[in-house]
Amino acid sequence: MQVSQKCQYTLRALFELAKRQGNGPVSAAEIAAAQAIPPRFLELILHGLKNSGEVESRRGVNGGYVLAGSPDAITVGDIIRAVDGSSAPVKCVVGRGERHCPLRGHCAFMGLWERAQRAIEQIYDTTTLQDLIDDERSVAEQRSPLEYFV
């Protein structure tokens, strides 16, 4: 299963909002710049997230977007399933290809595909936006304070 580009942008937009939670609304332009997301595509993503209740928008001069929930309650798995659907590595695991599969009912690979899906989902479903924020902070702290460039 490959995470779509739209899903990656959605994850990054929500990540940016999670990082800035509590600091007021964030403009789409700020999110796009911070996360290298094409602004026009981001507008479509934010509109969808607003309609689904994941983000709230605020109008006005200091308007923008805020995360509707807590970063520690939103998992990567929830976001991926909302945008891309199943995390199954092949169609037959979710039933979309089994009708056309000549090995249906006696496939040696089915157990492998199901284990792979469970492993991926376990990682995605136990990783929250807050975990990603903490990971980013950890990486920043590990950089040597003596590294500098002139």
# chains A, B, ... in the order shown; residues from 1 in each chain; ligands from 1
>>> select_by_dssp(residues="segment 25-135 of chain A", states="strand (DSSP E)", output="MDAnalysis selection string")
chainID A and resid 55:58 64:67
>>> write_last_selection(atoms="N, CA and C atoms", output="PDB file, in the first residue's frame")
ATOM      1  N   VAL A  55     -10.852  20.036  11.091  1.00  0.00           N
ATOM      2  CA  VAL A  55     -10.345  21.383  11.342  1.00  0.00           C
ATOM      3  C   VAL A  55     -11.513  22.357  11.399  1.00  0.00           C
ATOM      4  N   GLU A  56     -11.253  23.488  12.026  1.00  0.00           N
ATOM      5  CA  GLU A  56     -12.221  24.586  12.070  1.00  0.00           C
ATOM      6  C   GLU A  56     -11.568  25.782  11.411  1.00  0.00           C
ATOM      7  N   SER A  57     -12.382  26.585  10.761  1.00  0.00           N
ATOM      8  CA  SER A  57     -11.834  27.785  10.127  1.00  0.00           C
ATOM      9  C   SER A  57     -12.352  29.020  10.850  1.00  0.00           C
ATOM     10  N   ARG A  58     -11.525  30.036  10.864  1.00  0.00           N
ATOM     11  CA  ARG A  58     -11.868  31.328  11.463  1.00  0.00           C
ATOM     12  C   ARG A  58     -11.699  32.392  10.391  1.00  0.00           C
ATOM     13  N   GLY A  64      -7.893  31.864   9.831  1.00  0.00           N
ATOM     14  CA  GLY A  64      -7.116  30.728   9.375  1.00  0.00           C
ATOM     15  C   GLY A  64      -7.760  29.451   9.862  1.00  0.00           C
ATOM     16  N   TYR A  65      -6.946  28.464  10.101  1.00  0.00           N
ATOM     17  CA  TYR A  65      -7.434  27.139  10.477  1.00  0.00           C
ATOM     18  C   TYR A  65      -6.839  26.710  11.809  1.00  0.00           C
ATOM     19  N   VAL A  66      -7.639  25.949  12.548  1.00  0.00           N
ATOM     20  CA  VAL A  66      -7.178  25.333  13.790  1.00  0.00           C
ATOM     21  C   VAL A  66      -7.601  23.870  13.782  1.00  0.00           C
ATOM     22  N   LEU A  67      -6.830  23.060  14.443  1.00  0.00           N
ATOM     23  CA  LEU A  67      -7.140  21.648  14.589  1.00  0.00           C
ATOM     24  C   LEU A  67      -8.361  21.518  15.500  1.00  0.00           C
TER      25      LEU A  67
END
>>> residues_around(residues="Cys7 of chain A", least_positions_apart="5", cutoff="10 Å", atoms="only C-alpha atoms", output="list in words")
Gln2, Arg12, Ala13, Ile45, Ile79, Ile80, Arg81, Ala82, Val83 and Asp84 of chain A
>>> write_last_selection(atoms="C-alpha atoms", output="PDB file, in the first residue's frame")
ATOM      1  CA  GLN A   2       1.401   3.325  -0.997  1.00  0.00           C
ATOM      2  CA  ARG A  12       1.521  17.363   6.833  1.00  0.00           C
ATOM      3  CA  ALA A  13      -1.224  20.008   7.004  1.00  0.00           C
ATOM      4  CA  ILE A  45      -7.594  19.590   1.396  1.00  0.00           C
ATOM      5  CA  ILE A  79      -6.167  10.177   8.633  1.00  0.00           C
ATOM      6  CA  ILE A  80      -4.916   7.630   6.104  1.00  0.00           C
ATOM      7  CA  ARG A  81      -8.192   5.699   6.154  1.00  0.00           C
ATOM      8  CA  ALA A  82     -10.185   8.929   5.766  1.00  0.00           C
ATOM      9  CA  VAL A  83      -8.166  10.002   2.710  1.00  0.00           C
ATOM     10  CA  ASP A  84      -6.962   6.785   1.046  1.00  0.00           C
TER      11      ASP A  84
END
>>> residues_around(residues="Leu17 of chain A", least_positions_apart="2", cutoff="12 Å", atoms="only C-alpha atoms", output="mmCIF file with N, CA and C atoms, in the first residue's frame")
data_model
loop_
_atom_site.group_PDB
_atom_site.id
_atom_site.type_symbol
_atom_site.label_atom_id
_atom_site.label_comp_id
_atom_site.auth_asym_id
_atom_site.auth_seq_id
_atom_site.Cartn_x
_atom_site.Cartn_y
_atom_site.Cartn_z
ATOM 1 N N THR A 10 -2.203 15.914 3.375
ATOM 2 C CA THR A 10 -3.181 16.022 4.459
ATOM 3 C C THR A 10 -2.514 15.788 5.805
ATOM 4 N N LEU A 11 -1.676 14.764 5.879
ATOM 5 C CA LEU A 11 -0.955 14.485 7.120
ATOM 6 C C LEU A 11 -0.075 15.665 7.515
ATOM 7 N N ARG A 12 0.629 16.242 6.538
ATOM 8 C CA ARG A 12 1.521 17.363 6.833
ATOM 9 C C ARG A 12 0.748 18.608 7.245
ATOM 10 N N ALA A 13 -0.402 18.847 6.626
ATOM 11 C CA ALA A 13 -1.224 20.008 7.004
ATOM 12 C C ALA A 13 -1.732 19.852 8.438
ATOM 13 N N LEU A 14 -2.234 18.676 8.768
ATOM 14 C CA LEU A 14 -2.715 18.444 10.132
ATOM 15 C C LEU A 14 -1.571 18.478 11.139
ATOM 16 N N PHE A 15 -0.418 17.976 10.751
ATOM 17 C CA PHE A 15 0.772 18.032 11.600
ATOM 18 C C PHE A 15 1.132 19.486 11.909
ATOM 19 N N LYS A 19 1.161 21.240 15.553
ATOM 20 C CA LYS A 19 2.339 21.903 16.136
ATOM 21 C C LYS A 19 1.990 23.301 16.644
ATOM 22 N N ARG A 20 1.059 23.947 15.987
ATOM 23 C CA ARG A 20 0.723 25.335 16.322
ATOM 24 C C ARG A 20 -0.538 25.459 17.173
ATOM 25 N N GLN A 21 -1.056 24.335 17.629
ATOM 26 C CA GLN A 21 -2.286 24.385 18.420
ATOM 27 C C GLN A 21 -2.082 25.237 19.664
ATOM 28 N N GLY A 22 -3.083 26.048 19.934
ATOM 29 C CA GLY A 22 -3.027 26.936 21.086
ATOM 30 C C GLY A 22 -2.445 28.300 20.772
ATOM 31 N N ASN A 23 -1.972 28.506 19.548
ATOM 32 C CA ASN A 23 -1.384 29.784 19.145
ATOM 33 C C ASN A 23 -2.275 30.549 18.179
ATOM 34 N N GLY A 24 -3.540 30.176 18.103
ATOM 35 C CA GLY A 24 -4.469 30.860 17.218
ATOM 36 C C GLY A 24 -4.502 30.238 15.834
ATOM 37 N N PRO A 25 -5.381 30.775 14.991
ATOM 38 C CA PRO A 25 -5.536 30.233 13.637
ATOM 39 C C PRO A 25 -4.275 30.394 12.792
ATOM 40 N N VAL A 26 -4.088 29.446 11.877
ATOM 41 C CA VAL A 26 -2.941 29.448 10.974
ATOM 42 C C VAL A 26 -3.486 29.581 9.552
ATOM 43 N N SER A 27 -2.934 30.508 8.805
ATOM 44 C CA SER A 27 -3.408 30.703 7.435
ATOM 45 C C SER A 27 -2.967 29.550 6.541
ATOM 46 N N ALA A 28 -3.724 29.345 5.488
ATOM 47 C CA ALA A 28 -3.373 28.310 4.515
ATOM 48 C C ALA A 28 -1.995 28.592 3.921
ATOM 49 N N GLU A 30 0.563 29.993 5.365
ATOM 50 C CA GLU A 30 1.592 29.604 6.336
ATOM 51 C C GLU A 30 1.781 28.088 6.364
ATOM 52 N N ILE A 31 0.669 27.356 6.311
ATOM 53 C CA ILE A 31 0.749 25.894 6.303
ATOM 54 C C ILE A 31 1.463 25.426 5.043
ATOM 55 N N ALA A 32 1.058 25.995 3.906
ATOM 56 C CA ALA A 32 1.657 25.607 2.622
ATOM 57 C C ALA A 32 3.158 25.860 2.616
ATOM 58 N N ALA A 34 5.240 26.210 5.262
ATOM 59 C CA ALA A 34 5.949 25.422 6.275
ATOM 60 C C ALA A 34 6.078 23.957 5.877
ATOM 61 N N GLN A 35 5.097 23.441 5.128
ATOM 62 C CA GLN A 35 5.080 22.008 4.822
ATOM 63 C C GLN A 35 5.265 21.694 3.336
ATOM 64 N N LEU A 46 -7.935 21.467 2.907
ATOM 65 C CA LEU A 46 -8.477 22.123 4.097
ATOM 66 C C LEU A 46 -9.997 22.215 4.044
ATOM 67 N N LEU A 49 -11.208 18.853 5.040
ATOM 68 C CA LEU A 49 -11.002 18.638 6.475
ATOM 69 C C LEU A 49 -11.999 19.445 7.308
ATOM 70 N N GLU A 54 -12.478 17.813 11.004
ATOM 71 C CA GLU A 54 -11.117 17.669 11.522
ATOM 72 C C GLU A 54 -10.476 19.009 11.842
ATOM 73 N N VAL A 55 -10.852 20.036 11.091
ATOM 74 C CA VAL A 55 -10.345 21.383 11.342
ATOM 75 C C VAL A 55 -11.513 22.357 11.399
ATOM 76 N N GLU A 56 -11.253 23.488 12.026
ATOM 77 C CA GLU A 56 -12.221 24.586 12.070
ATOM 78 C C GLU A 56 -11.568 25.782 11.411
ATOM 79 N N SER A 57 -12.382 26.585 10.761
ATOM 80 C CA SER A 57 -11.834 27.785 10.127
ATOM 81 C C SER A 57 -12.352 29.020 10.850
ATOM 82 N N GLY A 64 -7.893 31.864 9.831
ATOM 83 C CA GLY A 64 -7.116 30.728 9.375
ATOM 84 C C GLY A 64 -7.760 29.451 9.862
ATOM 85 N N TYR A 65 -6.946 28.464 10.101
ATOM 86 C CA TYR A 65 -7.434 27.139 10.477
ATOM 87 C C TYR A 65 -6.839 26.710 11.809
ATOM 88 N N VAL A 66 -7.639 25.949 12.548
ATOM 89 C CA VAL A 66 -7.178 25.333 13.790
ATOM 90 C C VAL A 66 -7.601 23.870 13.782
ATOM 91 N N LEU A 67 -6.830 23.060 14.443
ATOM 92 C CA LEU A 67 -7.140 21.648 14.589
ATOM 93 C C LEU A 67 -8.361 21.518 15.500
ATOM 94 N N ALA A 68 -9.347 20.728 15.103
ATOM 95 C CA ALA A 68 -10.569 20.594 15.893
ATOM 96 C C ALA A 68 -10.380 19.695 17.117
ATOM 97 N N GLY A 69 -9.459 18.760 17.038
ATOM 98 C CA GLY A 69 -9.242 17.834 18.148
ATOM 99 C C GLY A 69 -7.884 18.004 18.779
ATOM 100 N N SER A 70 -7.591 17.114 19.683
ATOM 101 C CA SER A 70 -6.306 17.127 20.361
ATOM 102 C C SER A 70 -5.295 16.310 19.558
ATOM 103 N N PRO A 71 -4.053 16.813 19.409
ATOM 104 C CA PRO A 71 -3.034 16.066 18.661
ATOM 105 C C PRO A 71 -2.767 14.669 19.199
ATOM 106 N N ILE A 74 -5.585 12.123 17.628
ATOM 107 C CA ILE A 74 -5.721 11.914 16.186
ATOM 108 C C ILE A 74 -4.579 11.023 15.712
ATOM 109 N N LEU A 129 -0.612 12.448 16.067
ATOM 110 C CA LEU A 129 0.043 13.694 15.649
ATOM 111 C C LEU A 129 0.994 14.179 16.747
ATOM 112 N N GLN A 130 0.621 13.978 17.996
ATOM 113 C CA GLN A 130 1.498 14.381 19.099
ATOM 114 C C GLN A 130 2.792 13.578 19.086
ATOM 115 N N ILE A 133 5.001 15.188 16.578
ATOM 116 C CA ILE A 133 5.557 16.436 17.115
ATOM 117 C C ILE A 133 6.723 16.116 18.050
#
>>> atom_distance(atom1="atom CA of Thr75 of chain A", atom2="atom CA of Ala33 of chain A")
23.5 Å
>>> atom_distance(atom1="atom CA of Gly63 of chain A", atom2="atom CA of Glu16 of chain A")
15.7 Å
>>> residues_around(residues="Ala116 of chain A", least_positions_apart="4", cutoff="12 Å", atoms="only C-alpha atoms", output="ChimeraX atom specification")
/A:1,87-90,93,109-112,120-123
>>> decode(residues="segment 41-94 of chain A", atoms="C-alpha atoms", output="PDB file, in the first residue's frame")
ATOM      1  CA  PHE A  41      -4.132  21.826  -3.499  1.00  0.00           C
ATOM      2  CA  LEU A  42      -3.951  22.689   0.196  1.00  0.00           C
ATOM      3  CA  GLU A  43      -7.106  24.806  -0.082  1.00  0.00           C
ATOM      4  CA  LEU A  44      -9.001  21.759  -1.389  1.00  0.00           C
ATOM      5  CA  ILE A  45      -7.594  19.590   1.396  1.00  0.00           C
ATOM      6  CA  LEU A  46      -8.477  22.123   4.097  1.00  0.00           C
ATOM      7  CA  HIS A  47     -11.993  22.482   2.700  1.00  0.00           C
ATOM      8  CA  GLY A  48     -12.447  18.711   2.953  1.00  0.00           C
ATOM      9  CA  LEU A  49     -11.002  18.638   6.475  1.00  0.00           C
ATOM     10  CA  LYS A  50     -13.357  21.422   7.504  1.00  0.00           C
ATOM     11  CA  ASN A  51     -16.355  19.543   6.087  1.00  0.00           C
ATOM     12  CA  SER A  52     -15.335  16.369   7.918  1.00  0.00           C
ATOM     13  CA  GLY A  53     -14.872  18.248  11.206  1.00  0.00           C
ATOM     14  CA  GLU A  54     -11.117  17.669  11.522  1.00  0.00           C
ATOM     15  CA  VAL A  55     -10.345  21.383  11.342  1.00  0.00           C
ATOM     16  CA  GLU A  56     -12.221  24.586  12.070  1.00  0.00           C
ATOM     17  CA  SER A  57     -11.834  27.785  10.127  1.00  0.00           C
ATOM     18  CA  ARG A  58     -11.868  31.328  11.463  1.00  0.00           C
ATOM     19  CA  ARG A  59     -12.635  34.303   9.278  1.00  0.00           C
ATOM     20  CA  GLY A  60     -11.150  37.761   9.368  1.00  0.00           C
ATOM     21  CA  VAL A  61      -7.777  39.445   9.303  1.00  0.00           C
ATOM     22  CA  ASN A  62      -6.331  37.031  11.856  1.00  0.00           C
ATOM     23  CA  GLY A  63      -8.295  34.099  10.495  1.00  0.00           C
ATOM     24  CA  GLY A  64      -7.116  30.728   9.375  1.00  0.00           C
ATOM     25  CA  TYR A  65      -7.434  27.139  10.477  1.00  0.00           C
ATOM     26  CA  VAL A  66      -7.178  25.333  13.790  1.00  0.00           C
ATOM     27  CA  LEU A  67      -7.140  21.648  14.589  1.00  0.00           C
ATOM     28  CA  ALA A  68     -10.569  20.594  15.893  1.00  0.00           C
ATOM     29  CA  GLY A  69      -9.242  17.834  18.148  1.00  0.00           C
ATOM     30  CA  SER A  70      -6.306  17.127  20.361  1.00  0.00           C
ATOM     31  CA  PRO A  71      -3.034  16.066  18.661  1.00  0.00           C
ATOM     32  CA  ASP A  72      -2.770  13.130  21.043  1.00  0.00           C
ATOM     33  CA  ALA A  73      -6.187  11.812  19.970  1.00  0.00           C
ATOM     34  CA  ILE A  74      -5.721  11.914  16.186  1.00  0.00           C
ATOM     35  CA  THR A  75      -3.884   8.924  14.735  1.00  0.00           C
ATOM     36  CA  VAL A  76      -2.084   8.602  11.441  1.00  0.00           C
ATOM     37  CA  GLY A  77      -4.283   5.572  10.744  1.00  0.00           C
ATOM     38  CA  ASP A  78      -7.466   7.606  11.107  1.00  0.00           C
ATOM     39  CA  ILE A  79      -6.167  10.177   8.633  1.00  0.00           C
ATOM     40  CA  ILE A  80      -4.916   7.630   6.104  1.00  0.00           C
ATOM     41  CA  ARG A  81      -8.192   5.699   6.154  1.00  0.00           C
ATOM     42  CA  ALA A  82     -10.185   8.929   5.766  1.00  0.00           C
ATOM     43  CA  VAL A  83      -8.166  10.002   2.710  1.00  0.00           C
ATOM     44  CA  ASP A  84      -6.962   6.785   1.046  1.00  0.00           C
ATOM     45  CA  GLY A  85      -9.251   4.109   2.451  1.00  0.00           C
ATOM     46  CA  SER A  86      -7.777   0.724   3.269  1.00  0.00           C
ATOM     47  CA  SER A  87      -4.120   0.136   4.050  1.00  0.00           C
ATOM     48  CA  ALA A  88      -4.281  -3.330   2.492  1.00  0.00           C
ATOM     49  CA  PRO A  89      -1.191  -4.211   0.439  1.00  0.00           C
ATOM     50  CA  VAL A  90      -3.312  -5.941  -2.237  1.00  0.00           C
ATOM     51  CA  LYS A  91      -6.936  -5.643  -3.370  1.00  0.00           C
ATOM     52  CA  CYS A  92      -8.031  -9.132  -2.389  1.00  0.00           C
ATOM     53  CA  VAL A  93      -7.409  -8.465   1.316  1.00  0.00           C
ATOM     54  CA  VAL A  94     -10.275  -5.962   1.321  1.00  0.00           C
TER      55      VAL A  94
END
